[in-house]
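Listing of coords.txt; format and content: compact mmCIF, C-alpha atoms and all ligand atoms.
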```
# COMPACT_ATOMS: atom_id res chain seq x y z
CA MET J 1 -241.69 -6.21 9.89
CA ASP J 2 -244.88 -7.94 8.81
CA TYR J 3 -244.42 -6.71 5.27
CA MET J 4 -240.90 -8.12 5.12
CA LYS J 5 -241.97 -11.46 6.55
CA LYS J 6 -244.73 -11.69 3.94
CA LEU J 7 -242.35 -10.77 1.15
CA LEU J 8 -239.81 -13.38 2.22
CA LYS J 9 -242.55 -16.03 2.35
CA ALA J 10 -243.77 -15.03 -1.11
CA LEU J 11 -240.26 -15.18 -2.56
CA LYS J 12 -239.80 -18.69 -1.16
CA GLU J 13 -243.24 -19.86 -2.27
CA GLU J 14 -242.64 -18.53 -5.78
CA ASN J 15 -239.29 -20.33 -5.83
CA LEU J 16 -237.51 -17.00 -6.33
CA TYR J 17 -235.26 -17.34 -3.30
CA PRO J 18 -231.86 -18.55 -4.52
CA ASP J 19 -229.91 -21.57 -3.21
CA ILE J 20 -227.08 -19.83 -1.38
CA ARG J 21 -224.20 -22.24 -0.75
CA THR J 22 -221.68 -21.92 2.06
CA VAL J 23 -218.16 -22.20 0.68
CA ASN J 24 -215.54 -23.52 3.10
CA ASP J 25 -212.46 -23.36 0.91
CA VAL J 26 -211.43 -22.10 -2.52
CA PRO J 27 -208.92 -24.36 -4.32
CA TYR J 28 -210.04 -22.89 -7.69
CA PRO J 29 -211.29 -24.06 -10.10
CA GLU J 30 -212.75 -26.29 -7.40
CA LEU J 31 -214.62 -25.16 -4.30
CA ILE J 32 -215.21 -26.97 -1.03
CA ILE J 33 -218.88 -26.59 -0.17
CA GLU J 34 -220.26 -28.09 2.99
CA GLY J 35 -217.29 -30.46 3.10
CA ARG J 36 -217.62 -31.71 -0.48
CA ARG J 37 -215.46 -30.85 -3.51
CA TYR J 38 -217.23 -29.16 -6.46
CA LEU J 39 -216.00 -28.03 -9.84
CA CYS J 40 -216.81 -24.35 -10.12
CA PHE J 41 -218.34 -23.19 -13.42
CA CYS J 42 -219.73 -19.86 -12.23
CA SER J 43 -216.79 -17.83 -11.03
CA ASN J 44 -215.77 -14.40 -12.31
CA ASN J 45 -212.22 -15.24 -11.23
CA TYR J 46 -211.60 -15.89 -14.92
CA LEU J 47 -207.80 -16.16 -14.76
CA GLY J 48 -207.64 -17.76 -11.30
CA LEU J 49 -205.56 -14.82 -10.04
CA SER J 50 -207.28 -14.53 -6.64
CA ILE J 51 -205.18 -17.49 -5.43
CA HIS J 52 -202.06 -16.99 -7.58
CA PRO J 53 -198.99 -17.50 -5.32
CA GLU J 54 -197.34 -14.23 -6.42
CA VAL J 55 -200.55 -12.26 -5.81
CA LYS J 56 -200.93 -13.77 -2.35
CA LYS J 57 -197.28 -13.02 -1.54
CA ALA J 58 -197.70 -9.38 -2.57
CA ALA J 59 -200.86 -9.04 -0.46
CA ILE J 60 -199.07 -10.48 2.60
CA GLU J 61 -196.19 -8.01 2.13
CA ALA J 62 -198.70 -5.14 2.12
CA ILE J 63 -200.32 -6.34 5.33
CA GLN J 64 -196.92 -6.59 7.00
CA ARG J 65 -196.12 -3.01 6.03
CA PHE J 66 -199.48 -1.24 6.33
CA GLY J 67 -201.89 -3.52 8.25
CA ILE J 68 -205.29 -4.48 6.91
CA GLY J 69 -207.16 -1.19 6.55
CA THR J 70 -206.74 2.49 5.77
CA CYS J 71 -209.51 3.55 8.18
CA GLU J 72 -209.89 6.86 6.34
CA SER J 73 -211.25 8.42 3.20
CA ARG J 74 -208.68 9.45 0.60
CA ILE J 75 -209.62 13.08 1.33
CA ILE J 76 -208.62 12.83 5.00
CA ALA J 77 -205.61 10.59 5.73
CA GLY J 78 -206.31 7.51 3.62
CA ASN J 79 -204.44 8.60 0.51
CA LEU J 80 -201.63 6.04 0.73
CA SER J 81 -198.90 6.42 -1.87
CA ILE J 82 -199.58 2.82 -2.97
CA LEU J 83 -203.14 3.84 -3.97
CA GLU J 84 -201.67 6.45 -6.29
CA GLU J 85 -199.24 3.81 -7.60
CA LEU J 86 -202.19 1.50 -8.25
CA GLU J 87 -204.08 4.24 -10.12
CA GLN J 88 -201.03 4.89 -12.29
CA ALA J 89 -200.71 1.12 -12.96
CA ILE J 90 -204.37 0.95 -14.06
CA ALA J 91 -204.05 4.03 -16.28
CA ASP J 92 -200.87 2.59 -17.87
CA PHE J 93 -202.47 -0.83 -18.42
CA LYS J 94 -205.59 0.71 -19.95
CA LYS J 95 -203.54 3.23 -21.98
CA GLU J 96 -205.66 6.05 -20.54
CA PRO J 97 -204.52 9.41 -19.13
CA ALA J 98 -205.62 8.87 -15.52
CA ALA J 99 -207.46 6.52 -13.17
CA MET J 100 -209.15 6.47 -9.77
CA VAL J 101 -210.13 3.49 -7.64
CA PHE J 102 -213.27 2.84 -5.61
CA LEU J 103 -214.04 0.19 -2.97
CA SER J 104 -216.04 -1.88 -5.45
CA GLY J 105 -217.48 -1.76 -8.95
CA PHE J 106 -220.89 -1.05 -7.48
CA MET J 107 -219.50 1.90 -5.51
CA ALA J 108 -217.82 3.13 -8.69
CA ASN J 109 -221.04 3.22 -10.70
CA ILE J 110 -223.11 4.87 -7.99
CA GLY J 111 -220.39 7.51 -7.58
CA ILE J 112 -219.42 8.15 -11.18
CA ILE J 113 -222.86 8.60 -12.77
CA PRO J 114 -224.24 11.31 -10.44
CA GLY J 115 -220.71 12.76 -10.22
CA VAL J 116 -220.51 13.24 -13.98
CA MET J 117 -224.08 14.31 -14.60
CA ASP J 118 -225.44 16.27 -11.68
CA SER J 119 -225.08 20.02 -11.45
CA PHE J 120 -223.03 21.71 -8.76
CA GLU J 121 -224.34 24.82 -7.14
CA GLY J 122 -221.96 27.46 -5.82
CA LEU J 123 -218.54 28.86 -6.76
CA GLY J 124 -220.28 31.10 -9.27
CA MET J 125 -221.10 28.11 -11.47
CA PRO J 126 -223.97 28.87 -13.86
CA ALA J 127 -227.26 27.43 -12.57
CA VAL J 128 -227.98 24.22 -14.47
CA ASN J 129 -231.30 22.46 -14.36
CA ASN J 130 -230.68 18.71 -14.00
CA ASP J 131 -233.64 18.14 -16.34
CA GLU J 132 -231.49 19.59 -19.11
CA ASN J 133 -229.34 16.46 -18.74
CA LEU J 134 -230.19 13.01 -20.06
CA ILE J 135 -228.66 9.61 -19.23
CA ILE J 136 -229.33 7.01 -21.93
CA ARG J 137 -228.54 3.43 -20.96
CA ASP J 138 -228.83 -0.05 -22.44
CA TYR J 139 -231.78 -2.06 -21.13
CA LEU J 140 -229.50 -4.88 -19.92
CA CYS J 141 -227.00 -2.73 -18.03
CA HIS J 142 -225.76 -4.09 -14.71
CA THR J 143 -227.80 -3.23 -11.59
CA SER J 144 -225.06 -0.96 -10.26
CA ILE J 145 -225.46 1.24 -13.34
CA ILE J 146 -229.21 1.27 -12.86
CA GLU J 147 -228.70 2.31 -9.24
CA GLY J 148 -226.20 5.00 -10.31
CA CYS J 149 -228.85 6.36 -12.69
CA ARG J 150 -231.48 6.29 -9.94
CA LEU J 151 -229.20 8.18 -7.56
CA SER J 152 -228.53 10.84 -10.16
CA LYS J 153 -230.87 13.82 -10.27
CA SER J 154 -230.72 13.66 -14.06
CA PRO J 155 -233.48 11.85 -15.97
CA THR J 156 -232.73 8.46 -17.58
CA LYS J 157 -234.03 6.81 -20.72
CA THR J 158 -233.39 3.18 -21.69
CA TYR J 159 -232.71 1.83 -25.18
CA LEU J 160 -233.44 -1.73 -26.30
CA HIS J 161 -230.48 -4.01 -25.79
CA ASN J 162 -227.70 -3.17 -28.29
CA ASN J 163 -230.33 -1.59 -30.57
CA MET J 164 -228.61 1.31 -32.34
CA GLU J 165 -231.77 2.48 -34.12
CA HIS J 166 -233.50 2.91 -30.81
CA LEU J 167 -230.47 4.67 -29.33
CA GLU J 168 -230.37 7.05 -32.28
CA LYS J 169 -234.09 7.78 -31.95
CA ILE J 170 -233.61 8.83 -28.33
CA LEU J 171 -230.51 10.88 -29.18
CA SER J 172 -232.22 12.66 -32.05
CA ARG J 173 -235.19 13.62 -29.88
CA ASN J 174 -232.92 15.14 -27.26
CA GLU J 175 -230.38 17.05 -29.34
CA HIS J 176 -230.13 20.04 -27.02
CA ARG J 177 -229.64 18.18 -23.77
CA ARG J 178 -226.31 17.28 -22.15
CA LYS J 179 -226.21 13.52 -22.73
CA LEU J 180 -224.37 10.49 -21.35
CA ILE J 181 -224.73 7.08 -23.03
CA ILE J 182 -223.95 4.14 -20.70
CA THR J 183 -223.46 0.51 -21.65
CA ASP J 184 -221.73 -2.59 -20.33
CA GLY J 185 -218.76 -3.59 -22.51
CA VAL J 186 -219.53 -7.31 -21.98
CA PHE J 187 -223.03 -8.00 -20.64
CA SER J 188 -222.82 -9.97 -17.42
CA MET J 189 -225.79 -12.27 -17.94
CA ASP J 190 -225.63 -12.78 -21.72
CA GLY J 191 -221.92 -12.65 -22.48
CA ASP J 192 -222.39 -10.53 -25.59
CA MET J 193 -220.59 -7.26 -26.29
CA ALA J 194 -221.84 -3.73 -26.90
CA PRO J 195 -221.22 -2.44 -30.47
CA LEU J 196 -218.79 0.22 -29.32
CA PRO J 197 -217.83 1.67 -32.75
CA ASP J 198 -221.52 2.30 -33.53
CA ILE J 199 -222.16 3.85 -30.13
CA ILE J 200 -219.13 6.12 -30.50
CA TYR J 201 -220.28 7.13 -33.99
CA LEU J 202 -223.74 8.07 -32.71
CA ALA J 203 -222.29 9.87 -29.70
CA LYS J 204 -220.18 12.03 -32.02
CA GLN J 205 -223.17 12.74 -34.29
CA TYR J 206 -225.35 13.85 -31.40
CA ASN J 207 -222.72 15.32 -29.11
CA ALA J 208 -223.09 12.82 -26.26
CA MET J 209 -220.56 11.48 -23.78
CA VAL J 210 -219.98 7.71 -23.57
CA MET J 211 -219.36 5.59 -20.48
CA ILE J 212 -218.70 1.83 -20.53
CA ASP J 213 -218.62 -0.71 -17.72
CA ASP J 214 -215.87 -3.13 -18.73
CA ALA J 215 -216.12 -5.31 -15.61
CA HIS J 216 -216.21 -8.63 -17.47
CA ALA J 217 -213.86 -7.59 -20.28
CA THR J 218 -210.85 -6.34 -18.35
CA GLY J 219 -208.06 -8.93 -18.40
CA VAL J 220 -209.95 -11.14 -20.86
CA ILE J 221 -211.06 -9.30 -24.00
CA GLY J 222 -208.63 -7.78 -26.52
CA LYS J 223 -205.25 -9.10 -27.58
CA ASN J 224 -203.63 -7.75 -24.43
CA GLY J 225 -206.65 -8.03 -22.15
CA ARG J 226 -207.28 -4.29 -22.12
CA GLY J 227 -210.98 -4.87 -22.68
CA THR J 228 -213.65 -4.05 -25.25
CA PRO J 229 -212.06 -0.75 -26.40
CA GLU J 230 -208.96 -2.76 -27.40
CA HIS J 231 -211.10 -5.47 -29.04
CA PHE J 232 -212.94 -2.89 -31.18
CA ASP J 233 -209.84 -0.74 -31.75
CA VAL J 234 -211.47 2.35 -30.21
CA GLU J 235 -209.07 2.99 -27.35
CA GLY J 236 -208.91 6.65 -26.36
CA GLN J 237 -212.35 7.36 -27.87
CA ILE J 238 -214.52 6.63 -24.82
CA ASP J 239 -214.99 9.40 -22.27
CA LEU J 240 -215.37 7.20 -19.19
CA VAL J 241 -214.14 3.59 -18.93
CA MET J 242 -215.20 1.95 -15.70
CA GLY J 243 -214.55 -1.61 -14.50
CA THR J 244 -214.14 -3.83 -11.49
CA LEU J 245 -211.07 -5.39 -9.94
CA SER J 246 -213.18 -8.27 -8.64
CA LYS J 247 -213.32 -10.44 -11.74
CA ALA J 248 -210.30 -11.36 -13.91
CA ILE J 249 -208.06 -9.26 -11.64
CA GLY J 250 -209.09 -11.59 -8.80
CA ALA J 251 -209.42 -8.96 -6.07
CA LEU J 252 -211.84 -6.27 -4.88
CA GLY J 253 -212.52 -2.73 -6.05
CA GLY J 254 -213.72 -0.64 -8.94
CA TYR J 255 -211.92 1.82 -11.17
CA LEU J 256 -212.55 4.62 -13.61
CA THR J 257 -210.19 5.81 -16.32
CA SER J 258 -210.71 9.13 -18.05
CA SER J 259 -209.00 12.47 -18.66
CA ARG J 260 -206.88 13.93 -15.86
CA GLU J 261 -209.45 16.72 -15.35
CA VAL J 262 -212.42 14.35 -15.02
CA ILE J 263 -210.53 12.16 -12.54
CA ASP J 264 -209.38 15.15 -10.47
CA LEU J 265 -212.94 16.49 -10.35
CA LEU J 266 -214.55 13.17 -9.43
CA LYS J 267 -212.02 12.70 -6.64
CA VAL J 268 -213.86 15.53 -4.87
CA LYS J 269 -217.35 15.08 -6.36
CA ALA J 270 -218.11 11.33 -6.51
CA ARG J 271 -219.76 10.77 -3.13
CA SER J 272 -219.03 7.04 -2.82
CA TYR J 273 -215.33 7.90 -3.25
CA VAL J 274 -215.22 10.95 -0.98
CA PHE J 275 -217.33 9.62 1.88
CA SER J 276 -215.93 6.09 2.19
CA SER J 277 -212.63 4.64 3.37
CA SER J 278 -210.10 3.71 0.73
CA LEU J 279 -209.14 0.27 -0.60
CA PRO J 280 -207.21 -1.87 1.91
CA PRO J 281 -203.44 -2.20 1.36
CA GLU J 282 -203.41 -5.95 0.67
CA GLN J 283 -205.88 -5.44 -2.15
CA VAL J 284 -203.74 -2.66 -3.60
CA TYR J 285 -200.55 -4.73 -3.70
CA GLY J 286 -202.43 -7.84 -4.87
CA ILE J 287 -204.05 -5.90 -7.73
CA ILE J 288 -200.75 -4.34 -8.83
CA LYS J 289 -199.27 -7.87 -9.00
CA SER J 290 -202.31 -9.23 -10.88
CA LEU J 291 -201.99 -6.45 -13.45
CA GLN J 292 -198.32 -7.34 -13.95
CA ILE J 293 -199.20 -11.01 -14.47
CA ILE J 294 -201.96 -10.14 -16.95
CA GLN J 295 -199.48 -8.07 -18.97
CA ASN J 296 -196.54 -10.47 -18.73
CA LYS J 297 -198.28 -13.83 -19.05
CA PRO J 298 -200.54 -13.80 -22.12
CA GLU J 299 -200.58 -17.61 -21.92
CA LEU J 300 -203.17 -17.38 -19.11
CA ARG J 301 -205.59 -15.54 -21.42
CA GLU J 302 -204.76 -17.93 -24.27
CA ARG J 303 -205.67 -20.88 -22.03
CA LEU J 304 -208.93 -19.19 -21.08
CA TRP J 305 -209.91 -18.76 -24.74
CA LYS J 306 -209.08 -22.43 -25.45
CA ASN J 307 -211.35 -23.38 -22.55
CA ILE J 308 -214.13 -21.09 -23.80
CA ASP J 309 -214.02 -22.84 -27.19
CA HIS J 310 -213.95 -26.29 -25.54
CA LEU J 311 -217.00 -25.62 -23.35
CA LYS J 312 -219.00 -23.82 -26.03
CA SER J 313 -218.41 -26.43 -28.73
CA GLY J 314 -219.12 -29.23 -26.24
CA LEU J 315 -222.45 -27.68 -25.20
CA LYS J 316 -223.35 -27.25 -28.84
CA SER J 317 -222.52 -30.86 -29.72
CA ILE J 318 -224.68 -32.11 -26.83
CA GLY J 319 -227.59 -30.18 -28.28
CA PHE J 320 -227.79 -27.07 -26.14
CA LYS J 321 -228.61 -24.56 -28.85
CA THR J 322 -227.99 -21.68 -26.57
CA VAL J 323 -225.03 -19.58 -27.16
CA GLU J 324 -224.95 -16.14 -28.70
CA SER J 325 -222.27 -15.30 -26.17
CA GLU J 326 -218.97 -14.03 -27.53
CA THR J 327 -217.08 -14.42 -24.28
CA GLN J 328 -216.31 -16.51 -21.19
CA ILE J 329 -219.88 -15.97 -19.94
CA ILE J 330 -221.88 -18.78 -21.52
CA PRO J 331 -225.57 -18.69 -20.59
CA ILE J 332 -227.78 -21.72 -21.15
CA ILE J 333 -231.22 -20.18 -21.38
CA ILE J 334 -233.81 -22.52 -19.88
CA GLY J 335 -236.69 -20.02 -19.66
CA ASP J 336 -238.83 -21.73 -17.05
CA GLU J 337 -237.67 -20.83 -13.54
CA GLU J 338 -238.52 -24.17 -11.98
CA LYS J 339 -236.64 -26.14 -14.67
CA SER J 340 -233.65 -23.85 -14.46
CA LYS J 341 -233.40 -24.42 -10.71
CA LYS J 342 -233.84 -28.17 -11.16
CA MET J 343 -231.06 -28.19 -13.70
CA ALA J 344 -228.70 -26.37 -11.30
CA ARG J 345 -229.59 -28.80 -8.50
CA LEU J 346 -228.96 -31.84 -10.72
CA MET J 347 -225.59 -30.37 -11.70
CA PHE J 348 -224.78 -29.73 -8.05
CA ASP J 349 -225.60 -33.34 -7.16
CA MET J 350 -223.08 -34.37 -9.82
CA GLY J 351 -220.38 -32.17 -8.30
CA ILE J 352 -220.68 -29.16 -10.61
CA LEU J 353 -221.51 -25.67 -9.35
CA ALA J 354 -223.32 -23.86 -12.17
CA PRO J 355 -226.17 -21.95 -10.54
CA SER J 356 -229.48 -20.92 -11.97
CA VAL J 357 -230.07 -17.19 -12.42
CA THR J 358 -233.69 -16.08 -12.37
CA TYR J 359 -235.80 -12.92 -12.21
CA PRO J 360 -235.07 -10.18 -11.08
CA ALA J 361 -231.39 -10.71 -12.04
CA VAL J 362 -232.62 -11.50 -15.59
CA PRO J 363 -235.95 -10.69 -17.28
CA GLU J 364 -238.92 -12.93 -16.37
CA GLY J 365 -239.05 -16.09 -18.48
CA LYS J 366 -235.31 -15.88 -19.22
CA SER J 367 -234.03 -18.06 -16.39
CA ARG J 368 -230.73 -19.62 -17.17
CA ILE J 369 -227.69 -21.49 -16.04
CA ARG J 370 -225.04 -18.79 -16.11
CA CYS J 371 -221.97 -20.79 -16.89
CA THR J 372 -218.51 -19.26 -16.84
CA VAL J 373 -215.17 -20.83 -17.55
CA MET J 374 -211.72 -20.20 -16.06
CA ALA J 375 -208.20 -20.34 -17.50
CA THR J 376 -207.30 -22.85 -14.81
CA HIS J 377 -209.91 -25.48 -15.73
CA THR J 378 -208.25 -28.58 -17.23
CA PRO J 379 -209.73 -30.15 -20.39
CA GLN J 380 -210.75 -33.14 -18.22
CA GLN J 381 -212.65 -30.88 -15.84
CA ILE J 382 -214.52 -29.28 -18.75
CA ASP J 383 -215.37 -32.75 -20.10
CA LYS J 384 -216.69 -33.71 -16.67
CA ALA J 385 -218.97 -30.65 -16.66
CA LEU J 386 -220.16 -31.46 -20.19
CA GLU J 387 -221.04 -35.02 -19.15
CA ALA J 388 -223.06 -33.63 -16.24
CA PHE J 389 -224.83 -31.13 -18.52
CA GLN J 390 -225.75 -33.99 -20.83
CA VAL J 391 -227.15 -36.13 -17.99
CA ALA J 392 -229.09 -33.20 -16.46
CA GLY J 393 -230.38 -32.05 -19.85
CA ASP J 394 -231.55 -35.61 -20.68
CA LYS J 395 -233.26 -36.00 -17.30
CA LEU J 396 -235.17 -32.76 -17.74
CA GLY J 397 -235.89 -33.49 -21.39
CA ILE J 398 -234.53 -30.17 -22.54
CA ILE J 399 -231.64 -31.08 -24.81
CA GLY J 400 -232.39 -29.91 -28.32
CA LYS J 401 -235.45 -28.07 -27.02
CA VAL J 402 -233.65 -25.21 -25.35
CA LYS J 403 -234.16 -22.24 -27.62
CA THR J 404 -231.41 -20.02 -28.96
CA HIS J 405 -231.59 -16.90 -26.82
CA LYS J 406 -233.67 -14.56 -29.00
CA ARG J 407 -233.62 -10.94 -28.03
CA GLU J 408 -237.24 -10.10 -28.65
CA PRO J 409 -238.53 -6.57 -27.93
CA ILE J 410 -238.87 -5.92 -24.25
CA HIS J 411 -240.75 -3.43 -22.15
CA VAL J 412 -238.76 -0.23 -21.96
CA VAL J 413 -238.93 2.34 -19.19
C1 LIG B 501 -221.07 -5.35 -15.23
C2 LIG B 501 -220.82 -5.21 -13.75
N1 LIG B 501 -220.59 -4.00 -13.24
C3 LIG B 501 -220.36 -3.82 -11.93
C4 LIG B 501 -220.36 -4.88 -11.06
C5 LIG B 501 -220.11 -4.64 -9.59
O1 LIG B 501 -218.81 -4.97 -9.31
P1 LIG B 501 -218.33 -5.31 -7.83
O2 LIG B 501 -218.61 -6.73 -7.58
O3 LIG B 501 -216.87 -4.97 -7.86
O4 LIG B 501 -219.09 -4.40 -6.91
C6 LIG B 501 -220.57 -6.16 -11.55
C7 LIG B 501 -220.55 -7.31 -10.60
O5 LIG B 501 -221.18 -8.30 -10.72
C8 LIG B 501 -220.83 -6.34 -12.93
O6 LIG B 501 -221.08 -7.56 -13.43
```

Would you put the structure from the file into structure tokens?
Amino acid sequence: MDYMKKLLKALKEENLYPDIRTVNDVPYPELIIEGRRYLCFCSNNYLGLSIHPEVKKAAIEAIQRFGIGTCESRIIAGNLSILEELEQAIADFKKEPAAMVFLSGFMANIGIIPGVMDSFEGLGMPAVNNDENLIIRDYLCHTSIIEGCRLSKSPTKTYLHNNMEHLEKILSRNEHRRKLIITDGVFSMDGDMAPLPDIIYLAKQYNAMVMIDDAHATGVIGKNGRGTPEHFDVEGQIDLVMGTLSKAIGALGGYLTSSREVIDLLKVKARSYVFSSSLPPEQVYGIIKSLQIIQNKPELRERLWKNIDHLKSGLKSIGFKTVESETQIIPIIIGDEEKSKKMARLMFDMGILAPSVTYPAVPEGKSRIRCTVMATHTPQQIDKALEAFQVAGDKLGIIGKVKTHKREPIHVV
């Protein structure tokens, strides 16, 4: 207990303990926090679907029919037909052979990675030494991928962010191992995309499998919102496409699409799937409705992209030279942790929620305001945020001095 008390004190003294706001109501793109109305510029609810009337109606119908929980793993008695319907809907949307759903994106990554890589003993399977495997991941992968790698008994190596030379070096030194390359499709803190065609090319050259986490791309990236494989025209060429249902889909859950065989195997081998209760019915119906809206209402995505352009060009014209982002995640890199927090607090005082993200969520010295934009923001709301950014930036004396986010070499484990 003493150790934990000391650690908490140290985190607070070092200003590393985040401001955690209590949200009373969610009239997106606004939020009611402690009784006051704020414009939200940090949500992953990119299309505003979590409160879409049709999605809410579908969720209520599910509760009326099935109640609020499955209370069982899929393997026992939790395999509701609507879960299978949802998996088919995801596979159809993603144009992939088959899909499975997990309780969250985090649960998906910690189940999929060991499930794919680790050996199975018994059933006359040849003995495989896990050290003959190798997971190779991007340095900036999401924490849930890192945890999935740590849970796996297979060793992991990390390549410099989006650095294909480094990836190739690792691949070429490990030609005879069974290899899995893992990357985010859109990186959650930087908003840039992985160079999927290059990764696929290298994977073919060196006989490696590829897994992507398309959490922030699904519903947003690609002409039809099918994510980074659609954007790069490489659909059907990635072995494992994982994502969350908690961002543009507006709900909760994680999914994996892959071949029928891989999905059938992981449904008995991925431990976070087998040993956990299944997604609640209201989520299932809500997600099916969200997927229909994403496919039938491209105007939502079009509005989001207009808003992305508006916010990005506005930040640029104010003098925030920040954005290498290619997506709805628009980080303003401040660097100094103290200044980044001050900036977020100034924004908050002006009615804008755009929190500071600091170490360990991002590398030390890379503190930032992680700004995101939604399809449901009005142009006036974006202008209001821009005005606040200008005032806060002036007050802190950082406009024009904030550096473009350079990706200098980083320590690699
Ligand atoms: C890239 C990425 N993967 C996975 C997750 C985890 O998803 P979930 O919130 O559904 O657990 C997140 C969530 O922040 C994420 O950004």

Hey, which residues come within 7 Å of ligand LIG 501 (chain B) if we count all atoms listed in the file? Could you give them as a ChimeraX atom specification? /J:104-107,142,144,184,187-188,213-216,243-246,252-254

List the spatial neighbours of region 148-155 of chain J as a ChimeraX atom specification - criterion: any atom at most 10 Å away, only C-alpha atoms, same-chain residues fewer than 6 positions off excluded. /J:106-119,129-137,178-179,182

Same residues, C-alpha atoms, saved as a PDB file, keeping the file's coordinate frame:
```pdb
ATOM      1  CA  PHE J 106    -220.890  -1.050  -7.480  1.00  0.00           C
ATOM      2  CA  MET J 107    -219.500   1.900  -5.510  1.00  0.00           C
ATOM      3  CA  ALA J 108    -217.820   3.130  -8.690  1.00  0.00           C
ATOM      4  CA  ASN J 109    -221.040   3.220 -10.700  1.00  0.00           C
ATOM      5  CA  ILE J 110    -223.110   4.870  -7.990  1.00  0.00           C
ATOM      6  CA  GLY J 111    -220.390   7.510  -7.580  1.00  0.00           C
ATOM      7  CA  ILE J 112    -219.420   8.150 -11.180  1.00  0.00           C
ATOM      8  CA  ILE J 113    -222.860   8.600 -12.770  1.00  0.00           C
ATOM      9  CA  PRO J 114    -224.240  11.310 -10.440  1.00  0.00           C
ATOM     10  CA  GLY J 115    -220.710  12.760 -10.220  1.00  0.00           C
ATOM     11  CA  VAL J 116    -220.510  13.240 -13.980  1.00  0.00           C
ATOM     12  CA  MET J 117    -224.080  14.310 -14.600  1.00  0.00           C
ATOM     13  CA  ASP J 118    -225.440  16.270 -11.680  1.00  0.00           C
ATOM     14  CA  SER J 119    -225.080  20.020 -11.450  1.00  0.00           C
ATOM     15  CA  ASN J 129    -231.300  22.460 -14.360  1.00  0.00           C
ATOM     16  CA  ASN J 130    -230.680  18.710 -14.000  1.00  0.00           C
ATOM     17  CA  ASP J 131    -233.640  18.140 -16.340  1.00  0.00           C
ATOM     18  CA  GLU J 132    -231.490  19.590 -19.110  1.00  0.00           C
ATOM     19  CA  ASN J 133    -229.340  16.460 -18.740  1.00  0.00           C
ATOM     20  CA  LEU J 134    -230.190  13.010 -20.060  1.00  0.00           C
ATOM     21  CA  ILE J 135    -228.660   9.610 -19.230  1.00  0.00           C
ATOM     22  CA  ILE J 136    -229.330   7.010 -21.930  1.00  0.00           C
ATOM     23  CA  ARG J 137    -228.540   3.430 -20.960  1.00  0.00           C
ATOM     24  CA  ARG J 178    -226.310  17.280 -22.150  1.00  0.00           C
ATOM     25  CA  LYS J 179    -226.210  13.520 -22.730  1.00  0.00           C
ATOM     26  CA  ILE J 182    -223.950   4.140 -20.700  1.00  0.00           C
TER      27      ILE J 182
END
```

For region 174-189 of chain J, I'd like the enclosing box, axis-aligned and padded by 3 Å on every side, reported as JSON with centre and edge lengths in Å to one decimal.
```
{"center_x": -225.8, "center_y": 3.9, "center_z": -23.4, "size_x": 20.2, "size_y": 38.3, "size_z": 17.9}
```

Contacts of Val234 (chain J) at 10 Å (all atoms listed in the file; same-chain gap of 3+ positions) as a count of residues only: 9

Of the listed residues J:Leu202, J:Ser43, J:Asn15, J:Leu80, that which approaches Asp336 (chain J) most closely, counting all atoms listed in the file: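 Closest residue, counting all atoms listed in the file: J:Asn15.
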
Between CA of Glu165 (chain J) and CA of Ile330 (chain J), what distance in Å does the model show, to one decimal?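 According to the coordinates, CA of Glu165 (chain J) and CA of Ile330 (chain J) are separated by 26.6 Å.
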
Coordinates-based distance that separates CA of Ala251 (chain J) from CA of Ser50 (chain J) (Å, one decimal): 6.0 Å

Test item: residues at most 9 Å from Phe66 (chain J), only C-alpha atoms, excluding those fewer than 3 positions along its chain, as a tab-separated table (two decimals) with C-alpha atoms, in the coordinates of the input:
```tsv
chain	number	residue	atom	x	y	z
J	61	GLU	CA	-196.19	-8.01	2.13
J	62	ALA	CA	-198.70	-5.14	2.12
J	63	ILE	CA	-200.32	-6.34	5.33
J	69	GLY	CA	-207.16	-1.19	6.55
J	70	THR	CA	-206.74	2.49	5.77
J	280	PRO	CA	-207.21	-1.87	1.91
J	281	PRO	CA	-203.44	-2.20	1.36
J	282	GLU	CA	-203.41	-5.95	0.67
```

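Residues of protein, DNA and RNA with at least one atom no farther than 6 Å from (-228.3, -31.5, -27.1) are, using all atoms listed in the file, J:Ile318, J:Gly319, J:Phe320, J:Ile399, J:Gly400.
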
Quick one: distance from CA of Ser81 (chain J) to CA of Ala98 (chain J) in Å, one decimal?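 We find that CA of Ser81 (chain J) and CA of Ala98 (chain J) lie 15.4 Å from each other.
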
With a distance cut-off of 12 Å and only C-alpha atoms, select the neighbouring residues of Tyr17 (chain J), excluding the residue or stretch itself and same-chain residues fewer than 6 positions from it, and output the selection as a ChimeraX atom specification. /J:7-11,337-338,341,356-361

Using all atoms listed in the file, which of the listed residues (J:Glu168, J:Phe93, J:Leu304, J:Val391) sits closest to Gly227 (chain J)?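 That would be J:Phe93, the residue with the smallest distance to Gly227 (chain J).
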